[in-house]
file entry-v3.txt (compact mmCIF, C-alpha atoms and all ligand atoms)
# COMPACT_ATOMS: atom_id res chain seq x y z
CA MET R 1 71.17 64.35 185.03
CA ASN R 2 70.42 61.12 183.21
CA ALA R 3 66.76 61.54 183.86
CA PHE R 4 66.95 65.11 182.48
CA LEU R 5 68.73 63.93 179.25
CA ASN R 6 66.22 61.14 178.83
CA CYS R 7 63.38 63.54 179.23
CA SER R 8 64.77 66.09 176.70
CA CYS R 9 65.38 63.23 174.21
CA HIS R 10 61.75 62.22 174.47
CA LEU R 11 60.71 65.81 174.08
CA LEU R 12 62.85 66.22 170.94
CA PHE R 13 61.44 63.01 169.51
CA LEU R 14 57.92 64.26 170.17
CA VAL R 15 58.64 67.60 168.45
CA PHE R 16 60.11 65.66 165.49
CA LEU R 17 56.95 63.53 165.22
CA ILE R 18 54.67 66.58 165.39
CA LEU R 19 56.68 68.32 162.65
CA LEU R 20 56.69 65.20 160.48
CA PHE R 21 52.93 64.73 160.56
CA SER R 22 51.90 68.35 160.46
CA PHE R 23 53.24 68.82 156.85
CA PRO R 24 51.86 65.86 154.95
CA ALA R 25 51.42 67.90 151.74
CA CYS R 26 55.10 68.86 151.48
CA ALA R 27 56.32 67.86 148.01
CA GLY R 28 59.60 65.94 148.02
CA SER R 29 61.78 65.26 151.02
CA ASP R 30 63.83 68.46 150.61
CA GLY R 31 60.84 70.73 149.93
CA ASP R 32 61.69 71.33 146.22
CA PRO R 33 58.62 72.13 144.11
CA PRO R 34 57.78 69.38 141.60
CA PRO R 35 59.33 69.98 138.11
CA GLU R 36 56.00 70.86 136.42
CA GLN R 37 55.45 73.66 138.96
CA LEU R 38 58.99 74.84 138.23
CA PHE R 39 58.29 74.94 134.47
CA ASP R 40 55.00 76.80 135.12
CA ASP R 41 56.92 79.44 137.08
CA LEU R 42 59.60 79.75 134.41
CA ARG R 43 56.93 80.07 131.72
CA ASN R 44 55.04 82.81 133.56
CA LYS R 45 58.30 84.71 134.08
CA MET R 46 59.19 84.31 130.40
CA VAL R 47 55.84 85.80 129.34
CA GLU R 48 56.10 88.64 131.82
CA ARG R 49 59.72 89.62 131.09
CA GLN R 50 60.46 88.63 127.50
CA ILE R 51 57.04 89.03 125.88
CA GLN R 52 54.96 91.56 127.84
CA GLY R 53 58.12 93.36 128.94
CA ARG R 54 58.99 94.04 125.29
CA GLY R 55 55.59 95.43 124.41
CA VAL R 56 53.46 92.47 123.28
CA GLY R 57 50.10 93.21 124.89
CA ASN R 58 47.44 91.17 123.08
CA PRO R 59 45.76 89.09 125.83
CA LYS R 60 45.01 86.23 123.40
CA VAL R 61 48.72 85.87 122.63
CA LEU R 62 49.83 86.27 126.25
CA ASP R 63 47.29 83.69 127.47
CA ALA R 64 48.31 81.23 124.75
CA MET R 65 52.00 81.57 125.62
CA ARG R 66 51.24 81.12 129.32
CA LYS R 67 49.34 77.96 128.49
CA VAL R 68 51.48 76.12 125.90
CA LYS R 69 54.26 74.11 127.55
CA ARG R 70 57.24 75.05 125.42
CA HIS R 71 59.49 72.56 127.24
CA LEU R 72 57.53 69.68 125.69
CA PHE R 73 58.51 70.87 122.20
CA VAL R 74 62.28 70.51 122.74
CA ALA R 75 64.44 67.44 123.42
CA PRO R 76 64.86 66.42 127.10
CA GLU R 77 68.46 67.73 127.13
CA HIS R 78 67.18 71.24 126.28
CA ARG R 79 64.15 71.34 128.61
CA GLN R 80 65.88 73.37 131.30
CA GLN R 81 66.56 76.10 128.70
CA ALA R 82 63.09 76.03 127.15
CA TYR R 83 62.08 79.38 128.71
CA GLU R 84 65.33 81.23 128.04
CA ASP R 85 65.57 84.23 125.73
CA TYR R 86 67.02 82.46 122.66
CA PRO R 87 66.24 79.89 119.94
CA LEU R 88 67.04 76.19 120.57
CA PRO R 89 68.01 73.33 118.25
CA ILE R 90 65.23 70.87 117.32
CA GLY R 91 67.27 68.50 115.11
CA GLU R 92 67.91 68.36 111.33
CA GLY R 93 69.84 71.66 111.61
CA GLN R 94 66.61 73.54 112.46
CA THR R 95 65.61 75.65 115.46
CA ILE R 96 62.56 76.59 117.53
CA SER R 97 62.36 80.42 117.43
CA GLN R 98 63.16 82.68 120.38
CA PRO R 99 59.95 83.08 122.48
CA TYR R 100 59.80 86.84 121.82
CA ILE R 101 59.74 86.29 118.05
CA VAL R 102 56.85 83.82 118.47
CA GLY R 103 55.01 86.43 120.56
CA LEU R 104 55.72 89.29 118.16
CA MET R 105 54.70 87.36 115.03
CA SER R 106 51.55 86.04 116.72
CA GLU R 107 50.54 89.51 117.87
CA THR R 108 51.18 90.98 114.42
CA LEU R 109 48.58 88.57 113.04
CA ALA R 110 46.15 88.38 115.95
CA SER R 111 44.58 91.81 115.50
CA GLY R 112 43.04 90.49 112.25
CA LYS R 113 40.35 87.79 111.88
CA THR R 114 41.14 84.56 113.73
CA GLY R 115 39.46 81.97 111.53
CA ARG R 116 42.05 80.04 109.50
CA VAL R 117 45.80 80.45 109.67
CA LEU R 118 48.47 78.87 107.47
CA GLU R 119 51.97 78.33 108.87
CA ILE R 120 54.99 77.52 106.70
CA GLY R 121 57.71 75.70 108.68
CA THR R 122 56.10 73.50 111.38
CA GLY R 123 59.47 72.65 112.98
CA SER R 124 58.75 71.57 116.56
CA GLY R 125 55.03 72.46 116.33
CA TYR R 126 55.29 75.09 119.11
CA GLN R 127 54.21 78.11 117.05
CA ALA R 128 51.30 76.07 115.65
CA ALA R 129 50.19 75.18 119.20
CA VAL R 130 50.30 78.85 120.27
CA LEU R 131 48.17 79.83 117.26
CA ALA R 132 45.75 76.95 117.86
CA GLU R 133 44.84 78.52 121.21
CA PHE R 134 43.04 81.40 119.44
CA TYR R 135 42.61 80.49 115.75
CA ALA R 136 39.72 78.22 114.78
CA GLU R 137 41.89 76.14 112.40
CA VAL R 138 45.65 75.95 111.94
CA PHE R 139 47.17 74.50 108.76
CA THR R 140 50.92 73.94 108.94
CA ILE R 141 53.41 72.66 106.37
CA GLU R 142 56.88 71.21 107.04
CA ILE R 143 59.34 70.17 104.33
CA VAL R 144 61.50 67.87 106.54
CA GLU R 145 59.49 64.69 106.97
CA SER R 146 60.97 63.59 110.32
CA LEU R 147 60.21 66.99 111.90
CA GLY R 148 56.67 67.17 110.50
CA THR R 149 55.83 63.63 111.66
CA ARG R 150 57.21 64.23 115.14
CA ALA R 151 55.34 67.53 115.54
CA GLU R 152 52.09 66.00 114.29
CA LYS R 153 52.36 63.14 116.83
CA LEU R 154 53.10 65.51 119.73
CA LEU R 155 50.26 67.88 118.81
CA GLN R 156 47.87 64.91 118.65
CA GLU R 157 49.06 63.69 122.06
CA LEU R 158 48.48 67.17 123.46
CA GLY R 159 44.89 67.00 122.21
CA TYR R 160 44.95 69.65 119.45
CA LYS R 161 42.13 68.76 117.08
CA ASN R 162 42.29 72.04 115.13
CA ILE R 163 45.87 71.65 113.81
CA HIS R 164 46.44 70.00 110.44
CA VAL R 165 50.02 69.08 109.52
CA LYS R 166 51.21 68.40 105.98
CA ILE R 167 54.64 67.27 104.81
CA GLY R 168 55.53 69.26 101.70
CA ASP R 169 56.91 72.43 100.20
CA GLY R 170 55.20 75.41 101.82
CA TYR R 171 56.26 77.80 99.04
CA LYS R 172 53.13 76.67 97.20
CA GLY R 173 50.83 77.16 100.19
CA TRP R 174 47.84 74.84 100.74
CA LEU R 175 45.34 75.72 98.02
CA GLU R 176 42.51 73.34 99.08
CA HIS R 177 42.16 75.01 102.49
CA GLY R 178 42.58 78.65 101.47
CA PRO R 179 41.94 81.51 101.47
CA PHE R 180 43.50 82.18 104.89
CA ASP R 181 42.84 85.04 107.31
CA ALA R 182 46.49 84.83 108.27
CA VAL R 183 49.73 83.37 106.92
CA ILE R 184 52.83 83.02 109.10
CA VAL R 185 56.14 82.00 107.58
CA THR R 186 58.86 80.80 109.96
CA CYS R 187 61.64 80.22 107.38
CA ALA R 188 63.06 82.94 105.17
CA PRO R 189 62.75 83.12 101.37
CA THR R 190 64.56 85.86 99.40
CA HIS R 191 61.21 87.05 97.99
CA ILE R 192 57.56 86.74 99.02
CA PRO R 193 56.08 83.61 97.42
CA GLN R 194 53.26 84.56 94.99
CA PRO R 195 51.10 81.53 95.94
CA LEU R 196 51.05 82.71 99.56
CA LYS R 197 49.92 86.19 98.51
CA ASP R 198 47.21 84.62 96.33
CA GLN R 199 45.92 82.44 99.19
CA LEU R 200 45.53 85.38 101.55
CA ALA R 201 41.87 86.31 102.13
CA GLU R 202 40.59 89.86 101.62
CA GLY R 203 41.54 91.74 104.81
CA GLY R 204 44.06 88.98 105.58
CA ARG R 205 47.54 89.43 107.07
CA MET R 206 50.84 87.70 106.41
CA VAL R 207 53.98 87.91 108.52
CA ILE R 208 57.16 86.69 106.84
CA PRO R 209 60.95 87.07 107.18
CA VAL R 210 62.39 88.07 103.80
CA GLY R 211 66.01 88.32 102.66
CA GLU R 212 69.38 86.60 102.40
CA THR R 213 70.88 84.58 105.26
CA TYR R 214 71.88 86.94 108.12
CA ASP R 215 70.10 89.90 106.52
CA GLN R 216 66.34 89.54 106.74
CA GLN R 217 63.45 91.84 107.56
CA LEU R 218 60.27 90.66 109.21
CA VAL R 219 57.54 92.00 106.93
CA LEU R 220 53.80 92.42 107.50
CA LEU R 221 51.59 92.23 104.40
CA LYS R 222 47.92 93.15 104.37
CA LYS R 223 45.48 92.48 101.56
CA GLU R 224 43.21 95.50 101.27
CA LYS R 225 40.69 95.71 98.39
CA GLY R 226 42.75 93.16 96.47
CA GLU R 227 45.95 95.20 96.87
CA ILE R 228 48.92 94.11 98.98
CA VAL R 229 50.39 96.72 101.34
CA THR R 230 53.64 95.94 103.16
CA LYS R 231 55.36 97.21 106.28
CA GLU R 232 58.79 96.28 107.66
CA ILE R 233 58.82 95.33 111.35
CA ILE R 234 62.32 94.44 112.61
CA PRO R 235 65.50 92.78 111.35
CA VAL R 236 65.50 89.03 112.10
CA ARG R 237 67.48 85.85 111.47
CA PHE R 238 65.59 82.72 110.35
CA VAL R 239 66.69 79.51 108.62
CA PRO R 240 66.22 79.76 104.83
CA MET R 241 63.11 78.53 103.05
CA VAL R 242 64.27 75.70 100.80
CA ASP R 243 62.79 73.54 98.05
CA LYS R 244 62.64 69.71 98.09
CA ALA R 245 66.25 69.54 96.82
CA GLY R 246 67.39 71.78 99.69
CA LYS R 247 67.98 74.80 97.42
CA PRO R 248 67.09 78.17 99.01
CA TYR R 249 64.23 80.13 97.45
N1 LIG Y 301 57.76 77.34 113.65
C1 LIG Y 301 58.75 76.39 114.12
C2 LIG Y 301 60.17 76.81 113.87
C3 LIG Y 301 60.46 76.66 112.45
S1 LIG Y 301 62.14 76.57 111.97
C4 LIG Y 301 58.56 76.09 115.60
O1 LIG Y 301 57.68 76.67 116.24
O2 LIG Y 301 59.28 75.23 116.10
C5 LIG Y 301 61.83 76.64 110.24
C6 LIG Y 301 61.26 75.38 109.64
O3 LIG Y 301 60.94 75.66 108.28
C7 LIG Y 301 62.23 74.20 109.63
O4 LIG Y 301 61.68 73.12 110.30
C8 LIG Y 301 62.42 73.93 108.14
O5 LIG Y 301 62.60 72.56 107.85
C9 LIG Y 301 61.12 74.47 107.55
N2 LIG Y 301 61.14 74.79 106.12
C10 LIG Y 301 62.15 75.30 105.35
N3 LIG Y 301 61.74 75.44 104.08
C11 LIG Y 301 60.45 75.02 104.02
C12 LIG Y 301 59.47 74.91 102.98
N4 LIG Y 301 59.76 75.26 101.70
N5 LIG Y 301 58.25 74.46 103.29
C13 LIG Y 301 57.94 74.09 104.57
N6 LIG Y 301 58.82 74.13 105.59
C14 LIG Y 301 60.06 74.60 105.33

call {"tool": "encode", "arguments": {"input": "entry-v3.txt", "output": "structure tokens"}}
result
Amino acid sequence: MNAFLNCSCHLLFLVFLILLFSFPACAGSDGDPPPEQLFDDLRNKMVERQIQGRGVGNPKVLDAMRKVKRHLFVAPEHRQQAYEDYPLPIGEGQTISQPYIVGLMSETLASGKTGRVLEIGTGSGYQAAVLAEFYAEVFTIEIVESLGTRAEKLLQELGYKNIHVKIGDGYKGWLEHGPFDAVIVTCAPTHIPQPLKDQLAEGGRMVIPVGETYDQQLVLLKKEKGEIVTKEIIPVRFVPMVDKAGKPY
């Protein structure tokens, strides 16, 4: 009996050793995938369900959103929620937009020329990074200095050489670098700023939320033969566009 027990113990030990050394590539002692793999999976699901699933089909936009790691653009305490279907706080009372809105706005622009794009409201820098995946040059303006500086540093660390960040009031646009093939506004004024219309290139497109707080329409503007034509897209809710004194436009 003793000999039998001894023998089965040895056998069990042998099986244990074989199992231990036959899976050297297993990540983590409990088999959990490493966090980056987890974020990759969440990001692919987000694109499939929230973006593609709601009708955004432009491959340039879908590829960009599969590539840009949204979780790096939010604070560590919000990383786990980075791929959920809602906006998240980014500090200073501001938010990073819901992923679907980023996808929709990007697609609305992306069927036009993809040379230079101007963004008003850098915030976390996420939308700028998505655009930088398929626009040659991205110019982005943020009025809150701490947000603009943080986004600029992160975008540099991530290796984006085609994104140019400026701290200032985006209502006026960025005259030196215009005209732009596309303008994207991610804060809401009550009217469409004239300087932004002026800095739109012939054939250019602008997407902008317009209206009072809680009652805004996302509007697409196209410049055709010098004339501006507009089309309403969907109702949206963005933070207001403000001047340097914090007064809404
Ligand atoms: N696109 C951002 C989200 C922007 S939230 C992202 O991907 O994270 C809107 C931003 O617009 C805020 O950061 C706010 O500070 C900024 N903003 C408001 N008024 C502005 C103005 N006049 N000029 C530039 N930025 C402005």

call {"tool": "closest_atom_pairs", "arguments": {"input": "entry-v3.txt", "of": "chain R", "to": "ligand LIG 301 (chain Y)", "cutoff": "8 Å", "atoms": "only C-alpha atoms and all ligand atoms", "output": "JSON lines"}}
result
{"residue": "R:Phe73", "atom": "CA", "partner": "Y:LIG301", "partner_atom": "O2", "distance": 7.5}
{"residue": "R:Ile90", "atom": "CA", "partner": "Y:LIG301", "partner_atom": "O2", "distance": 7.5}
{"residue": "R:Glu92", "atom": "CA", "partner": "Y:LIG301", "partner_atom": "O5", "distance": 7.6}
{"residue": "R:Gln94", "atom": "CA", "partner": "Y:LIG301", "partner_atom": "C7", "distance": 5.3}
{"residue": "R:Thr95", "atom": "CA", "partner": "Y:LIG301", "partner_atom": "S1", "distance": 5.0}
{"residue": "R:Ile96", "atom": "CA", "partner": "Y:LIG301", "partner_atom": "O2", "distance": 3.8}
{"residue": "R:Ser97", "atom": "CA", "partner": "Y:LIG301", "partner_atom": "C2", "distance": 5.5}
{"residue": "R:Val102", "atom": "CA", "partner": "Y:LIG301", "partner_atom": "O1", "distance": 7.5}
{"residue": "R:Glu119", "atom": "CA", "partner": "Y:LIG301", "partner_atom": "N1", "distance": 7.6}
{"residue": "R:Ile120", "atom": "CA", "partner": "Y:LIG301", "partner_atom": "C13", "distance": 5.0}
{"residue": "R:Gly121", "atom": "CA", "partner": "Y:LIG301", "partner_atom": "O3", "distance": 3.3}
{"residue": "R:Thr122", "atom": "CA", "partner": "Y:LIG301", "partner_atom": "N1", "distance": 4.8}
{"residue": "R:Gly123", "atom": "CA", "partner": "Y:LIG301", "partner_atom": "O4", "distance": 3.5}
{"residue": "R:Ser124", "atom": "CA", "partner": "Y:LIG301", "partner_atom": "O2", "distance": 3.7}
{"residue": "R:Gly125", "atom": "CA", "partner": "Y:LIG301", "partner_atom": "O1", "distance": 5.0}
{"residue": "R:Tyr126", "atom": "CA", "partner": "Y:LIG301", "partner_atom": "O1", "distance": 4.1}
{"residue": "R:Gln127", "atom": "CA", "partner": "Y:LIG301", "partner_atom": "O1", "distance": 3.8}
{"residue": "R:Ala128", "atom": "CA", "partner": "Y:LIG301", "partner_atom": "O1", "distance": 6.4}
{"residue": "R:Ile141", "atom": "CA", "partner": "Y:LIG301", "partner_atom": "C13", "distance": 5.1}
{"residue": "R:Glu142", "atom": "CA", "partner": "Y:LIG301", "partner_atom": "N6", "distance": 3.8}
{"residue": "R:Ile143", "atom": "CA", "partner": "Y:LIG301", "partner_atom": "C13", "distance": 4.2}
{"residue": "R:Val144", "atom": "CA", "partner": "Y:LIG301", "partner_atom": "O5", "distance": 5.0}
{"residue": "R:Leu147", "atom": "CA", "partner": "Y:LIG301", "partner_atom": "O4", "distance": 6.5}
{"residue": "R:Gly148", "atom": "CA", "partner": "Y:LIG301", "partner_atom": "O4", "distance": 7.8}
{"residue": "R:Ile167", "atom": "CA", "partner": "Y:LIG301", "partner_atom": "C13", "distance": 7.6}
{"residue": "R:Gly168", "atom": "CA", "partner": "Y:LIG301", "partner_atom": "N5", "distance": 6.1}
{"residue": "R:Asp169", "atom": "CA", "partner": "Y:LIG301", "partner_atom": "N5", "distance": 3.9}
{"residue": "R:Gly170", "atom": "CA", "partner": "Y:LIG301", "partner_atom": "N5", "distance": 3.5}
{"residue": "R:Tyr171", "atom": "CA", "partner": "Y:LIG301", "partner_atom": "N4", "distance": 5.1}
{"residue": "R:Val185", "atom": "CA", "partner": "Y:LIG301", "partner_atom": "N1", "distance": 7.8}
{"residue": "R:Thr186", "atom": "CA", "partner": "Y:LIG301", "partner_atom": "C3", "distance": 5.1}
{"residue": "R:Cys187", "atom": "CA", "partner": "Y:LIG301", "partner_atom": "C5", "distance": 4.6}
{"residue": "R:Ala188", "atom": "CA", "partner": "Y:LIG301", "partner_atom": "N3", "distance": 7.7}
{"residue": "R:Phe238", "atom": "CA", "partner": "Y:LIG301", "partner_atom": "C5", "distance": 7.1}
{"residue": "R:Val239", "atom": "CA", "partner": "Y:LIG301", "partner_atom": "C5", "distance": 5.9}
{"residue": "R:Pro240", "atom": "CA", "partner": "Y:LIG301", "partner_atom": "C10", "distance": 6.1}
{"residue": "R:Met241", "atom": "CA", "partner": "Y:LIG301", "partner_atom": "N3", "distance": 3.5}
{"residue": "R:Val242", "atom": "CA", "partner": "Y:LIG301", "partner_atom": "N3", "distance": 4.2}
{"residue": "R:Asp243", "atom": "CA", "partner": "Y:LIG301", "partner_atom": "N4", "distance": 5.0}
{"residue": "R:Lys244", "atom": "CA", "partner": "Y:LIG301", "partner_atom": "N4", "distance": 7.2}
{"residue": "R:Pro248", "atom": "CA", "partner": "Y:LIG301", "partner_atom": "N3", "distance": 7.9}
{"residue": "R:Tyr249", "atom": "CA", "partner": "Y:LIG301", "partner_atom": "N4", "distance": 7.9}

call {"tool": "residues_near_point", "arguments": {"input": "entry-v3.txt", "point": "(64.8, 88.8, 108.9)", "cutoff": "12 Å", "atoms": "all atoms listed in the file", "output": "PDB file with C-alpha atoms, in the frame of the given file"}}
result
ATOM      1  CA  ILE R 101      59.740  86.290 118.050  1.00  0.00           C
ATOM      2  CA  MET R 105      54.700  87.360 115.030  1.00  0.00           C
ATOM      3  CA  VAL R 185      56.140  82.000 107.580  1.00  0.00           C
ATOM      4  CA  THR R 186      58.860  80.800 109.960  1.00  0.00           C
ATOM      5  CA  CYS R 187      61.640  80.220 107.380  1.00  0.00           C
ATOM      6  CA  ALA R 188      63.060  82.940 105.170  1.00  0.00           C
ATOM      7  CA  PRO R 189      62.750  83.120 101.370  1.00  0.00           C
ATOM      8  CA  THR R 190      64.560  85.860  99.400  1.00  0.00           C
ATOM      9  CA  HIS R 191      61.210  87.050  97.990  1.00  0.00           C
ATOM     10  CA  VAL R 207      53.980  87.910 108.520  1.00  0.00           C
ATOM     11  CA  ILE R 208      57.160  86.690 106.840  1.00  0.00           C
ATOM     12  CA  PRO R 209      60.950  87.070 107.180  1.00  0.00           C
ATOM     13  CA  VAL R 210      62.390  88.070 103.800  1.00  0.00           C
ATOM     14  CA  GLY R 211      66.010  88.320 102.660  1.00  0.00           C
ATOM     15  CA  GLU R 212      69.380  86.600 102.400  1.00  0.00           C
ATOM     16  CA  THR R 213      70.880  84.580 105.260  1.00  0.00           C
ATOM     17  CA  TYR R 214      71.880  86.940 108.120  1.00  0.00           C
ATOM     18  CA  ASP R 215      70.100  89.900 106.520  1.00  0.00           C
ATOM     19  CA  GLN R 216      66.340  89.540 106.740  1.00  0.00           C
ATOM     20  CA  GLN R 217      63.450  91.840 107.560  1.00  0.00           C
ATOM     21  CA  LEU R 218      60.270  90.660 109.210  1.00  0.00           C
ATOM     22  CA  VAL R 219      57.540  92.000 106.930  1.00  0.00           C
ATOM     23  CA  LEU R 220      53.800  92.420 107.500  1.00  0.00           C
ATOM     24  CA  GLU R 232      58.790  96.280 107.660  1.00  0.00           C
ATOM     25  CA  ILE R 233      58.820  95.330 111.350  1.00  0.00           C
ATOM     26  CA  ILE R 234      62.320  94.440 112.610  1.00  0.00           C
ATOM     27  CA  PRO R 235      65.500  92.780 111.350  1.00  0.00           C
ATOM     28  CA  VAL R 236      65.500  89.030 112.100  1.00  0.00           C
ATOM     29  CA  ARG R 237      67.480  85.850 111.470  1.00  0.00           C
ATOM     30  CA  PHE R 238      65.590  82.720 110.350  1.00  0.00           C
ATOM     31  CA  VAL R 239      66.690  79.510 108.620  1.00  0.00           C
ATOM     32  CA  PRO R 240      66.220  79.760 104.830  1.00  0.00           C
ATOM     33  CA  MET R 241      63.110  78.530 103.050  1.00  0.00           C
TER      34      MET R 241
END

call {"tool": "atom_distance", "arguments": {"input": "entry-v3.txt", "atom1": "atom CA of R:Val47", "atom2": "atom CA of R:Gln98"}}
result
12.0 Å

call {"tool": "atom_distance", "arguments": {"input": "entry-v3.txt", "atom1": "atom CA of R:Thr140", "atom2": "atom CA of R:Gly203"}}
result
20.5 Å

call {"tool": "atom_distance", "arguments": {"input": "entry-v3.txt", "atom1": "atom CA of R:Pro59", "atom2": "atom CA of R:Gln37"}}
result
22.5 Å

call {"tool": "closest_residue", "arguments": {"input": "entry-v3.txt", "among": "R:Ala136, R:Met206, R:Leu131, R:Leu158", "to": "R:Ala182", "atoms": "only C-alpha atoms"}}
result
R:Met206

call {"tool": "closest_residue", "arguments": {"input": "entry-v3.txt", "among": "R:Ser106, R:Pro195, R:Gly91, R:Val56", "to": "R:Glu145", "atoms": "all atoms listed in the file"}}
result
R:Gly91

call {"tool": "closest_atom_pairs", "arguments": {"input": "entry-v3.txt", "of": "stretch 107-126 of chain R", "to": "stretch 61-69 of chain R", "cutoff": "12 Å", "atoms": "all atoms listed in the file", "output": "JSON lines"}}
result
{"residue": "R:Glu107", "atom": "CA", "partner": "R:Val61", "partner_atom": "CA", "distance": 6.3}
{"residue": "R:Thr108", "atom": "CA", "partner": "R:Val61", "partner_atom": "CA", "distance": 10.0}
{"residue": "R:Leu109", "atom": "CA", "partner": "R:Val61", "partner_atom": "CA", "distance": 10.0}
{"residue": "R:Ala110", "atom": "CA", "partner": "R:Val61", "partner_atom": "CA", "distance": 7.6}
{"residue": "R:Ser111", "atom": "CA", "partner": "R:Val61", "partner_atom": "CA", "distance": 10.2}
{"residue": "R:Thr114", "atom": "CA", "partner": "R:Val61", "partner_atom": "CA", "distance": 11.8}
{"residue": "R:Gly125", "atom": "CA", "partner": "R:Val68", "partner_atom": "CA", "distance": 10.8}
{"residue": "R:Tyr126", "atom": "CA", "partner": "R:Val68", "partner_atom": "CA", "distance": 7.9}

call {"tool": "closest_residue", "arguments": {"input": "entry-v3.txt", "among": "R:Tyr100, R:Glu137, R:Phe180, R:Ala129", "to": "R:Glu152", "atoms": "all atoms listed in the file"}}
result
R:Ala129

call {"tool": "closest_residue", "arguments": {"input": "entry-v3.txt", "among": "R:Lys222, R:Arg205, R:His177, R:Arg70", "to": "R:Leu155", "atoms": "all atoms listed in the file"}}
result
R:Arg70

call {"tool": "closest_residue", "arguments": {"input": "entry-v3.txt", "among": "R:Gln81, R:Thr149, R:Gln194, R:Asn162", "to": "R:Arg43", "atoms": "all atoms listed in the file"}}
result
R:Gln81

call {"tool": "closest_residue", "arguments": {"input": "entry-v3.txt", "among": "R:Lys247, R:His71, R:Lys113, R:Arg54", "to": "R:Asp40", "atoms": "all atoms listed in the file"}}
result
R:His71
